[in-house]
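Asks: The following file, coords.txt, comprises compact mmCIF, C-alpha atoms:
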```txt
# COMPACT_ATOMS: atom_id res chain seq x y z
CA MET A 130 0.00 0.00 0.00
CA THR A 131 1.30 3.44 -0.87
CA LEU A 132 -0.35 6.80 -0.55
CA GLN A 133 -1.54 7.67 -4.05
CA PRO A 134 -1.57 11.35 -5.10
CA GLU A 135 -5.31 11.27 -5.82
CA THR A 136 -5.97 9.74 -2.39
CA PHE A 137 -3.91 12.47 -0.73
CA LYS A 138 -5.81 15.14 -2.63
CA SER A 139 -9.17 13.78 -1.50
CA LEU A 140 -7.92 13.46 2.09
CA VAL A 141 -7.05 17.14 2.15
CA ARG A 142 -10.30 18.12 0.44
CA VAL A 143 -12.59 16.04 2.67
CA ALA A 144 -10.79 17.11 5.86
CA ALA A 145 -11.01 20.79 4.88
CA GLU A 146 -14.67 20.48 3.92
CA ARG A 147 -15.46 18.78 7.23
CA VAL A 148 -13.90 21.62 9.22
CA ILE A 149 -15.62 24.24 7.09
CA ALA A 150 -19.00 22.52 7.48
CA SER A 151 -18.46 22.29 11.26
CA ALA A 152 -17.62 25.99 11.76
CA ALA A 153 -20.84 26.74 13.64
CA GLU A 154 -20.36 23.79 16.01
CA LEU A 155 -16.71 24.74 16.72
CA THR A 156 -17.66 28.36 17.32
CA ALA A 157 -20.43 27.32 19.73
CA LEU A 158 -17.94 25.19 21.71
CA ASP A 159 -15.48 28.09 21.74
CA GLN A 160 -18.15 30.57 22.89
CA ALA A 161 -18.64 28.40 25.98
CA ILE A 162 -15.00 28.43 27.15
CA GLY A 163 -12.95 30.55 24.73
CA ASP A 164 -13.37 33.68 22.64
CA GLY A 165 -15.85 32.28 20.17
CA ASP A 166 -13.74 32.43 17.02
CA HIS A 167 -12.40 28.90 16.57
CA GLY A 168 -14.98 27.92 13.93
CA THR A 169 -14.62 31.05 11.81
CA ASN A 170 -10.84 30.97 12.12
CA MET A 171 -10.57 27.34 11.07
CA LYS A 172 -13.06 27.90 8.26
CA ARG A 173 -10.97 30.80 6.91
CA GLY A 174 -7.78 28.73 7.11
CA PHE A 175 -9.15 25.62 5.43
CA GLU A 176 -10.95 27.64 2.74
CA ALA A 177 -7.51 29.06 1.92
CA VAL A 178 -6.12 25.51 1.81
CA LEU A 179 -8.87 24.49 -0.63
CA THR A 180 -8.01 27.36 -2.98
CA LYS A 181 -4.48 25.89 -3.18
CA LEU A 182 -5.63 22.26 -3.44
CA ASP A 183 -4.43 21.73 -7.01
CA THR A 184 -0.98 23.13 -6.19
CA ILE A 185 -0.79 21.08 -3.00
CA ALA A 186 -1.75 17.89 -4.83
CA GLU A 187 1.03 18.40 -7.39
CA GLN A 188 3.78 18.93 -4.82
CA PRO A 189 5.96 16.22 -3.28
CA LEU A 190 4.32 15.15 0.00
CA SER A 191 6.87 16.99 2.14
CA ASP A 192 6.26 20.29 0.32
CA ALA A 193 2.50 19.70 0.26
CA PHE A 194 2.41 19.43 4.07
CA LYS A 195 4.51 22.58 4.37
CA THR A 196 2.20 24.49 2.02
CA ILE A 197 -0.81 23.45 4.12
CA GLY A 198 1.03 24.49 7.30
CA LYS A 199 2.13 27.85 5.96
CA THR A 200 -1.33 28.58 4.57
CA LEU A 201 -2.92 27.90 7.98
CA VAL A 202 -0.32 30.05 9.76
CA MET A 203 -0.97 32.95 7.38
CA THR A 204 -4.77 32.84 7.30
CA VAL A 205 -6.31 31.36 10.47
CA GLY A 206 -5.89 34.47 12.63
CA GLY A 207 -6.03 32.82 16.07
CA ALA A 208 -3.69 30.64 18.14
CA SER A 209 -4.97 27.59 16.25
CA GLY A 210 -3.19 28.91 13.12
CA PRO A 211 0.34 28.54 14.50
CA LEU A 212 -0.65 25.34 16.34
CA TYR A 213 -2.11 23.48 13.36
CA GLY A 214 0.40 25.23 11.09
CA SER A 215 3.31 23.96 13.19
CA PHE A 216 1.87 20.43 13.03
CA PHE A 217 1.90 20.41 9.22
CA LEU A 218 5.23 22.27 8.90
CA ALA A 219 6.96 19.77 11.21
CA ALA A 220 5.28 16.77 9.60
CA GLY A 221 6.40 18.15 6.22
CA ASP A 222 9.98 18.42 7.51
CA ALA A 223 9.82 14.81 8.70
CA LEU A 224 8.52 13.72 5.29
CA SER A 225 11.68 15.01 3.61
CA HIS A 226 13.31 11.78 4.86
CA LYS A 227 10.29 9.62 5.81
CA SER A 228 7.46 8.21 3.78
CA LEU A 229 3.79 7.34 4.17
CA PRO A 230 2.22 5.13 5.22
CA GLU A 231 5.32 3.26 6.51
CA ASP A 232 6.51 6.01 8.85
CA LEU A 233 3.07 7.34 9.78
CA ALA A 234 3.62 7.27 13.55
CA GLU A 235 6.97 9.05 13.28
CA VAL A 236 5.63 11.72 10.92
CA PHE A 237 2.53 12.26 13.06
CA GLY A 238 4.75 12.34 16.16
CA SER A 239 6.88 15.13 14.67
CA GLY A 240 3.72 17.16 14.20
CA VAL A 241 2.49 16.47 17.73
CA ASN A 242 5.86 17.50 19.21
CA ALA A 243 5.71 20.76 17.29
CA VAL A 244 2.22 21.53 18.62
CA SER A 245 3.42 20.79 22.15
CA ALA A 246 6.44 23.08 21.74
CA ARG A 247 4.46 25.90 20.10
CA GLY A 248 1.76 25.83 22.77
CA ARG A 249 4.20 25.04 25.61
CA SER A 250 1.64 22.43 26.58
CA GLN A 251 1.25 18.71 27.28
CA ALA A 252 -1.66 16.30 27.09
CA GLY A 253 -4.09 16.64 30.00
CA GLU A 254 -4.43 20.43 29.83
CA LYS A 255 -7.71 20.43 27.87
CA THR A 256 -6.29 21.26 24.44
CA MET A 257 -5.97 19.63 21.02
CA LEU A 258 -3.07 17.61 22.46
CA ASP A 259 -5.63 15.61 24.45
CA VAL A 260 -6.66 14.11 21.10
CA LEU A 261 -3.34 14.18 19.23
CA VAL A 262 -1.27 12.41 21.91
CA PRO A 263 -3.64 9.41 22.41
CA VAL A 264 -3.93 9.07 18.62
CA LEU A 265 -0.13 9.03 18.35
CA GLU A 266 -0.04 6.28 20.99
CA THR A 267 -2.59 4.27 18.99
CA LEU A 268 -0.57 4.74 15.80
CA LYS A 269 2.52 3.39 17.57
CA ALA A 270 0.82 0.53 19.43
CA ASP A 271 -1.45 -0.67 16.64
CA ALA A 272 0.76 -0.09 13.59
CA GLY A 273 0.18 -2.78 10.99
CA ARG A 274 -3.16 -3.93 12.44
CA ALA A 275 -5.96 -4.37 9.91
CA ASP A 276 -8.33 -2.28 12.05
CA LEU A 277 -5.88 0.59 12.64
CA ILE A 278 -8.14 3.17 10.99
CA GLU A 279 -11.10 2.19 13.14
CA ARG A 280 -8.92 2.29 16.25
CA VAL A 281 -7.70 5.80 15.41
CA ARG A 282 -11.25 6.98 14.89
CA THR A 283 -12.40 5.49 18.22
CA THR A 284 -9.37 6.83 20.09
CA ALA A 285 -10.00 10.34 18.77
CA SER A 286 -13.69 10.46 19.58
CA GLU A 287 -13.21 8.99 23.07
CA ALA A 288 -10.37 11.43 23.69
CA VAL A 289 -12.58 14.41 22.82
CA ALA A 290 -15.24 13.27 25.29
CA ARG A 291 -12.60 13.00 28.01
CA THR A 292 -11.77 16.72 27.69
CA ALA A 293 -15.19 17.68 29.09
CA PRO A 294 -14.58 16.87 32.78
CA ARG A 295 -11.07 18.36 32.66
CA GLN A 296 -10.20 21.80 33.95
CA ALA A 297 -8.24 23.82 31.39
CA THR A 298 -4.73 24.85 32.41
CA ARG A 299 -3.50 26.13 29.01
CA GLY A 300 -5.13 28.26 26.36
CA ARG A 301 -7.92 30.78 26.67
CA ALA A 302 -10.19 28.38 28.58
CA SER A 303 -7.68 28.37 31.46
CA PHE A 304 -8.91 31.89 32.34
CA LEU A 305 -12.18 30.28 33.41
CA GLY A 306 -10.57 27.93 35.93
CA ALA A 307 -13.13 25.50 37.33
CA ARG A 308 -15.85 26.94 35.05
CA SER A 309 -14.12 25.29 32.06
CA VAL A 310 -15.21 21.90 33.47
CA GLY A 311 -18.16 20.32 31.67
CA HIS A 312 -17.34 21.63 28.20
CA ILE A 313 -15.63 19.81 25.35
CA ASP A 314 -12.45 21.57 24.20
CA PRO A 315 -12.95 23.20 20.76
CA GLY A 316 -9.38 22.46 19.61
CA ALA A 317 -9.71 18.82 20.63
CA ARG A 318 -12.97 18.69 18.68
CA SER A 319 -11.47 20.21 15.52
CA SER A 320 -8.54 17.76 15.70
CA CYS A 321 -11.03 14.89 15.99
CA LEU A 322 -13.02 16.21 12.99
CA LEU A 323 -9.88 16.31 10.84
CA LEU A 324 -8.81 12.81 11.89
CA ASP A 325 -12.34 11.42 11.43
CA ALA A 326 -12.52 12.87 7.91
CA VAL A 327 -9.16 11.28 7.06
CA CYS A 328 -10.28 7.90 8.49
CA SER A 329 -13.59 7.99 6.60
CA THR A 330 -11.86 8.76 3.33
CA LEU A 331 -9.29 5.97 3.78
CA GLU A 332 -12.00 3.47 4.73
CA GLY A 333 -13.97 4.37 1.63
CA ARG A 334 -10.93 3.46 -0.45
CA GLN A 335 -10.14 0.12 1.11
CA MET B 142 20.07 54.08 10.25
CA ASN B 143 18.19 53.73 13.52
CA ASP B 144 20.14 53.19 16.72
CA MET B 145 17.15 52.62 18.97
CA VAL B 146 15.27 49.36 19.51
CA GLY B 147 12.02 49.36 17.54
CA ILE B 148 8.66 48.60 19.18
CA VAL B 149 5.85 46.50 17.69
CA ILE B 150 2.38 46.35 19.26
CA VAL B 151 0.20 43.33 18.43
CA SER B 152 -3.37 43.29 19.70
CA HIS B 153 -6.47 41.31 18.80
CA SER B 154 -8.07 44.71 18.19
CA GLN B 155 -6.89 47.28 15.64
CA ASP B 156 -8.29 50.00 17.93
CA ILE B 157 -6.30 48.82 20.96
CA ALA B 158 -3.12 48.49 18.86
CA LYS B 159 -3.49 52.00 17.41
CA GLY B 160 -4.49 53.48 20.79
CA THR B 161 -1.45 51.91 22.46
CA ALA B 162 0.83 53.25 19.73
CA ASP B 163 -0.73 56.73 20.15
CA MET B 164 -0.03 56.62 23.89
CA VAL B 165 3.58 55.62 23.31
CA ARG B 166 4.13 58.46 20.83
CA GLN B 167 2.58 61.04 23.17
CA MET B 168 4.45 59.84 26.25
CA VAL B 169 7.79 58.92 24.72
CA GLY B 170 7.95 60.98 21.53
CA SER B 171 8.50 59.94 17.96
CA GLU B 172 12.23 59.16 17.98
CA VAL B 173 11.50 55.49 18.71
CA THR B 174 9.94 53.66 15.75
CA VAL B 175 6.59 52.17 16.74
CA ALA B 176 4.61 49.88 14.44
CA TYR B 177 1.33 48.20 15.31
CA CYS B 178 -1.23 45.78 13.97
CA GLY B 179 -4.49 44.27 15.15
CA GLY B 180 -7.31 42.15 13.83
CA ASN B 181 -7.57 38.89 11.90
CA PRO B 182 -7.20 38.56 8.10
CA ASP B 183 -10.90 39.43 7.67
CA GLY B 184 -10.61 42.57 9.81
CA GLY B 185 -12.41 41.08 12.81
CA LEU B 186 -10.90 40.57 16.26
CA GLY B 187 -7.85 38.32 16.11
CA THR B 188 -4.27 38.37 14.90
CA ASN B 189 -2.65 38.05 11.55
CA VAL B 190 0.85 36.66 10.94
CA PRO B 191 1.48 38.49 7.62
CA LEU B 192 0.62 41.85 9.24
CA ILE B 193 2.84 41.08 12.24
CA ILE B 194 5.74 40.42 9.83
CA VAL B 195 5.05 43.75 8.07
CA ALA B 196 5.00 45.56 11.44
CA ILE B 197 8.31 43.96 12.49
CA ASN B 198 9.85 45.08 9.19
CA ASP B 199 8.43 48.60 9.63
CA ALA B 200 9.92 48.89 13.13
CA TRP B 201 13.21 47.26 12.11
CA SER B 202 16.37 48.52 13.78
CA SER B 203 19.91 47.19 13.82
CA LYS B 204 19.49 47.02 17.61
CA GLY B 205 16.45 44.82 17.31
CA VAL B 206 12.69 44.90 17.82
CA ALA B 207 10.61 44.34 20.97
CA VAL B 208 7.09 42.99 20.41
CA LEU B 209 4.31 43.68 22.93
CA VAL B 210 1.18 41.50 22.75
CA ASP B 211 -2.19 41.29 24.47
CA LEU B 212 -3.72 37.78 24.82
CA GLY B 213 -2.40 34.27 24.09
CA GLY B 214 -3.19 34.12 20.38
CA ALA B 215 -1.26 37.35 19.80
CA GLU B 216 1.74 35.82 21.55
CA THR B 217 1.56 32.53 19.63
CA ASN B 218 1.10 34.30 16.30
CA SER B 219 3.93 36.75 17.07
CA GLU B 220 6.30 33.88 17.90
CA MET B 221 5.27 32.22 14.64
CA ALA B 222 5.92 35.48 12.73
CA VAL B 223 9.41 35.72 14.25
CA GLU B 224 10.17 32.17 13.13
CA MET B 225 9.19 33.04 9.59
CA LEU B 226 11.87 35.78 9.39
CA GLU B 227 15.27 35.04 7.90
CA PRO B 228 17.33 33.08 10.48
CA GLU B 229 19.84 35.87 11.10
CA ARG B 230 17.06 38.36 11.91
CA ARG B 231 15.14 36.08 14.30
CA LYS B 232 17.53 36.60 17.20
CA LEU B 233 17.01 40.36 16.93
CA VAL B 234 13.28 40.12 17.76
CA VAL B 235 11.85 39.35 21.20
CA VAL B 236 8.22 38.85 22.23
CA CYS B 237 7.92 40.39 25.69
CA ASN B 238 5.95 38.80 28.51
CA ALA B 239 4.41 42.09 29.67
CA PRO B 240 1.08 43.94 29.74
CA ILE B 241 0.58 45.52 26.33
CA VAL B 242 -0.01 49.21 27.20
CA GLU B 243 2.31 49.57 30.18
CA GLY B 244 4.87 47.29 28.53
CA ALA B 245 4.89 49.29 25.31
CA VAL B 246 5.34 52.61 27.14
CA MET B 247 8.10 51.25 29.40
CA ALA B 248 9.85 49.47 26.52
CA ALA B 249 9.75 52.58 24.32
CA THR B 250 11.00 54.79 27.15
CA GLU B 251 13.95 52.44 27.69
CA ALA B 252 14.57 52.19 23.93
CA ALA B 253 14.63 56.01 23.63
CA GLY B 254 17.66 56.03 25.95
CA GLY B 255 19.60 53.89 23.50
CA SER B 256 19.37 50.69 25.58
CA SER B 257 19.99 47.21 24.21
CA LEU B 258 17.19 44.85 23.20
CA GLU B 259 17.72 42.78 26.36
CA GLN B 260 17.52 45.88 28.56
CA VAL B 261 14.32 46.98 26.80
CA ARG B 262 12.80 43.56 27.29
CA ALA B 263 13.87 43.38 30.94
CA VAL B 264 12.25 46.74 31.74
CA ALA B 265 8.97 45.70 30.09
CA GLU B 266 8.95 42.32 31.80
CA GLU B 267 9.63 43.82 35.26
CA LEU B 268 5.97 44.85 35.12
CA THR B 269 4.99 41.17 35.05
CA ALA B 270 7.44 40.13 37.75
CA GLY B 271 5.70 42.79 39.93
```
Step by step, read the file and then write its structure as structure tokens.
Replies:
Amino acid sequence: MTLQPETFKSLVRVAAERVIASAAELTALDQAIGDGDHGTNMKRGFEAVLTKLDTIAEQPLSDAFKTIGKTLVMTVGGASGPLYGSFFLAAGDALSHKSLPEDLAEVFGSGVNAVSARGRSQAGEKTMLDVLVPVLETLKADAGRADLIERVRTTASEAVARTAPRQATRGRASFLGARSVGHIDPGARSSCLLLDAVCSTLEGRQ
Amino acid sequence: MNDMVGIVIVSHSQDIAKGTADMVRQMVGSEVTVAYCGGNPDGGLGTNVPLIIVAINDAWSSKGVAVLVDLGGAETNSEMAVEMLEPERRKLVVVCNAPIVEGAVMAATEAAGGSSLEQVRAVAEELTAG
């Protein structure tokens, strides 16, 4: 199995469309514990990615990831821009000497480390890392399993639910202290949406 | 051409960024170069990496540039903007951990005396150390 260019193009398109279609939901989550702009910011960023989709699809995978990352950095307009942007920039760097799907866990791990460094945050602080870190662990533990895609999808959705009872200690929601408890983290939710869109697309092609 | 540290103000709001820059100019004078930006790429509340890069270039000085920010997203986006500069310029830009209005006034006052980038940053960040 190798990642075909047309598969990669549809992964990017479906993931972007999922985030764009979920803008209202993400904004509602962010209005509860943040500043209410996560949905509109992500929508702006991924609309910009879609306008470059043809260019992205023609680039080597490493450059394609970097183009996605730079586009998000330049257009999102909130902290999620540098966070998601750093994920794709670092994953793109890793892809200059790694390949997909063989090195998926390592490439994904480079992205997760970059998010952690950019946000000076770890898993457990009610952020997107609460989804990305468990998914990375699943990618490492279950590499090569026939049901890997399903396991990633389950890990991501269960990880989002687990952010609700947590009190935020990083990001805007940390200003709320104990009042952040009971709400799903918007960044964790957007990470789950992206991963779920990727899983659905890959499953449809199996 | 400019021997004073430049000041960049990055707010989520264009009005706050401009108002802060106005206060700095009135209180410190115009010898220190002050650039500012605020708002997301659509003009709403937020921050914008391309505009932060423009502001850093506008305030550029051989002695460096001190960036003052308001909330978390402004800090994250400013750090990202610094990383997107040419490698040799990155070390001449610092994002200060200081309140935006007081930090900008204190940083500009220190810069006006010809202080180094590290001195400018230290004076702004003393406000946080309280």
Asks: Residues of chain A no more than 12 Å from chain B, counting only C-alpha atoms: send them over as JSON, numbers by chain.
Replies: {"A": [163, 164, 165, 166, 167, 169, 170, 171, 172, 173, 174, 177, 198, 199, 200, 201, 202, 203, 204, 205, 206, 207, 208, 209, 210, 211, 212, 213, 214, 215, 218, 243, 244, 246, 247, 248, 249, 299, 300, 301, 302, 303, 304]}
Asks: List as an NGL selection string the protein and nucleic acid residues near Ala248 in chain B, meaning an atom at most 8 Å away when all atoms listed in the file are counted, but skip any in the same chain fewer than 5 places from it.
Replies: :B and (148 or 207 or 261-262 or 264-265)
Asks: Find the spatial neighbours of Ala157 in chain A, counting all atoms listed in the file, within a cut-off of 9 Å - ignore same-chain residues fewer than 3 positions away - and output them as a count of residues only.
Replies: 10
Asks: One number please: CA of Met145 in chain B to CA of Ile157 in chain B, in Å, one decimal.
Replies: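 We find that CA of Met145 in chain B and CA of Ile157 in chain B lie 23.8 Å from each other.
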Asks: What is the distance, in Å and to one decimal place, between CA of Asn242 in chain A and CA of Phe216 in chain A?
Replies: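 According to the coordinates, CA of Asn242 in chain A and CA of Phe216 in chain A are separated by 7.9 Å.
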Asks: Just to confirm, what's the straight-line distance from CA of Leu132 in chain A to CA of Pro189 in chain A in Å (one decimal)?
Replies: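 That distance, rounded to one decimal, is 11.7 Å.
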Asks: Taking (-3.9, 47.8, 28.2) in the file's own coordinates, collect the residues within 10 Å, counting all atoms listed in the file, and hand them back as a ChimeraX atom specification.
Replies: /B:152,157-158,160-161,210-211,240-245
Asks: With distances taken over only C-alpha atoms, which of B:Val149, B:Met247, B:Ile193, B:Thr269 is nearest to Val169 in chain B?
Replies: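 When distances to Val169 in chain B are compared using only C-alpha atoms, the smallest one comes from B:Met247.
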Asks: Can you list, as JSON, numbers by chain, every protein, DNA or RNA residue that comes within 12 Å of Gln133 in chain A when you count only C-alpha atoms, leaving out same-chain residues fewer than 6 positions away?
Replies: {"A": [139, 140, 186, 187, 189, 190, 228, 229, 230, 331, 334]}
Asks: Select all residues near (14.4, 53.8, 19.9) (cut-off 9 Å, inclusive, file coordinates), counting all atoms listed in the file, and output them as a list in words.
Replies: Asn143, Asp144, Met145, Val146, Gly147, Ile148, Ser171, Glu172, Val173, Thr174, Val175, Ser202, Lys204, Ala249, Thr250, Glu251, Ala252, Ala253, Gly254, Gly255 and Ser256 of chain B
Asks: Quick one: everything within 6 Å of range 254-257 of chain A, counting only C-alpha atoms, minus sequence neighbours fewer than 4 positions away in the same chain. Send it as a list in words.
Replies: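 Final neighbour list, sorted by chain and number: Thr292, Ala297, Thr298, Arg299, Gly316 and Ala317 of chain A.
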Asks: Give the answer as one residue: which of B:Ile194, B:Met164, B:Ile150, B:Val208 has the shortest atom-to-atom distance to Ala176 in chain B, using all atoms listed in the file?
Replies: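 That would be B:Ile150, the residue with the smallest distance to Ala176 in chain B.
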Asks: Got a sec: who's within 8 Å of Ala145 in chain A, counting only C-alpha atoms, leaving out chain neighbours fewer than 2 positions off, as a list in words?
Replies: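 Surrounding residues, per the criterion: Val141, Arg142, Val143, Arg147, Val148, Ile149, Phe175, Glu176, Val178, Leu179 and Leu323 of chain A.
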Asks: Using the atoms already present, construct N, CA, C and O atoms for range 292-316 of chain A and hand them back as a short mmCIF file (atom, residue, chain, number, x, y, z; two decimals), keeping the file's coordinate frame.
Replies:
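Here's the written file out_23.cif:
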```cif
data_model
loop_
_atom_site.label_atom_id
_atom_site.label_comp_id
_atom_site.auth_asym_id
_atom_site.auth_seq_id
_atom_site.Cartn_x
_atom_site.Cartn_y
_atom_site.Cartn_z
N THR A 292 -12.17 15.34 27.36
CA THR A 292 -11.77 16.72 27.69
C THR A 292 -12.84 17.42 28.50
O THR A 292 -12.55 18.40 29.18
N ALA A 293 -14.10 16.96 28.42
CA ALA A 293 -15.19 17.68 29.09
C ALA A 293 -14.99 17.82 30.61
O ALA A 293 -15.08 18.93 31.13
N PRO A 294 -14.71 16.71 31.32
CA PRO A 294 -14.58 16.87 32.78
C PRO A 294 -13.29 17.54 33.23
O PRO A 294 -13.12 17.84 34.40
N ARG A 295 -12.36 17.78 32.28
CA ARG A 295 -11.07 18.36 32.66
C ARG A 295 -11.17 19.87 32.89
O ARG A 295 -11.92 20.55 32.20
N GLN A 296 -10.33 20.35 33.79
CA GLN A 296 -10.20 21.80 33.95
C GLN A 296 -9.03 22.27 33.08
O GLN A 296 -7.96 21.68 33.10
N ALA A 297 -9.27 23.32 32.31
CA ALA A 297 -8.24 23.82 31.39
C ALA A 297 -7.12 24.49 32.17
O ALA A 297 -7.36 25.28 33.08
N THR A 298 -5.86 24.17 31.78
CA THR A 298 -4.73 24.85 32.41
C THR A 298 -3.87 25.56 31.37
O THR A 298 -2.90 26.22 31.70
N ARG A 299 -4.20 25.39 30.08
CA ARG A 299 -3.50 26.13 29.01
C ARG A 299 -4.57 26.70 28.09
O ARG A 299 -5.69 26.22 28.05
N GLY A 300 -4.18 27.70 27.32
CA GLY A 300 -5.13 28.26 26.36
C GLY A 300 -6.13 29.19 27.04
O GLY A 300 -6.12 29.39 28.25
N ARG A 301 -6.98 29.77 26.18
CA ARG A 301 -7.92 30.78 26.67
C ARG A 301 -8.85 30.23 27.75
O ARG A 301 -9.24 30.95 28.67
N ALA A 302 -9.24 28.95 27.62
CA ALA A 302 -10.19 28.38 28.58
C ALA A 302 -9.62 28.34 29.99
O ALA A 302 -10.38 28.25 30.96
N SER A 303 -8.26 28.43 30.12
CA SER A 303 -7.68 28.37 31.46
C SER A 303 -8.08 29.60 32.28
O SER A 303 -8.03 29.56 33.51
N PHE A 304 -8.46 30.69 31.61
CA PHE A 304 -8.91 31.89 32.34
C PHE A 304 -10.15 31.58 33.19
O PHE A 304 -10.41 32.23 34.18
N LEU A 305 -10.91 30.59 32.74
CA LEU A 305 -12.18 30.28 33.41
C LEU A 305 -11.99 29.40 34.64
O LEU A 305 -12.93 29.25 35.42
N GLY A 306 -10.81 28.81 34.79
CA GLY A 306 -10.57 27.93 35.93
C GLY A 306 -11.59 26.81 35.98
O GLY A 306 -11.84 26.14 34.97
N ALA A 307 -12.20 26.62 37.14
CA ALA A 307 -13.13 25.50 37.33
C ALA A 307 -14.34 25.60 36.40
O ALA A 307 -15.00 24.60 36.11
N ARG A 308 -14.68 26.80 35.93
CA ARG A 308 -15.85 26.94 35.05
C ARG A 308 -15.62 26.32 33.67
O ARG A 308 -16.55 26.20 32.88
N SER A 309 -14.35 25.96 33.34
CA SER A 309 -14.12 25.29 32.06
C SER A 309 -14.55 23.83 32.12
O SER A 309 -14.68 23.17 31.09
N VAL A 310 -14.79 23.30 33.31
CA VAL A 310 -15.21 21.90 33.47
C VAL A 310 -16.62 21.72 32.92
O VAL A 310 -17.49 22.57 33.13
N GLY A 311 -16.83 20.60 32.21
CA GLY A 311 -18.16 20.32 31.67
C GLY A 311 -18.31 20.65 30.21
O GLY A 311 -19.33 20.35 29.60
N HIS A 312 -17.28 21.28 29.63
CA HIS A 312 -17.34 21.63 28.20
C HIS A 312 -16.26 20.88 27.43
O HIS A 312 -15.12 20.79 27.90
N ILE A 313 -16.62 20.43 26.24
CA ILE A 313 -15.63 19.81 25.35
C ILE A 313 -14.69 20.90 24.84
O ILE A 313 -15.12 22.01 24.56
N ASP A 314 -13.41 20.57 24.71
CA ASP A 314 -12.45 21.57 24.20
C ASP A 314 -12.60 21.73 22.69
O ASP A 314 -12.58 20.75 21.94
N PRO A 315 -12.75 22.98 22.21
CA PRO A 315 -12.95 23.20 20.76
C PRO A 315 -11.78 22.71 19.91
O PRO A 315 -11.99 22.17 18.82
N GLY A 316 -10.54 22.90 20.39
CA GLY A 316 -9.38 22.46 19.61
C GLY A 316 -9.30 20.94 19.54
O GLY A 316 -8.92 20.37 18.51
#
```
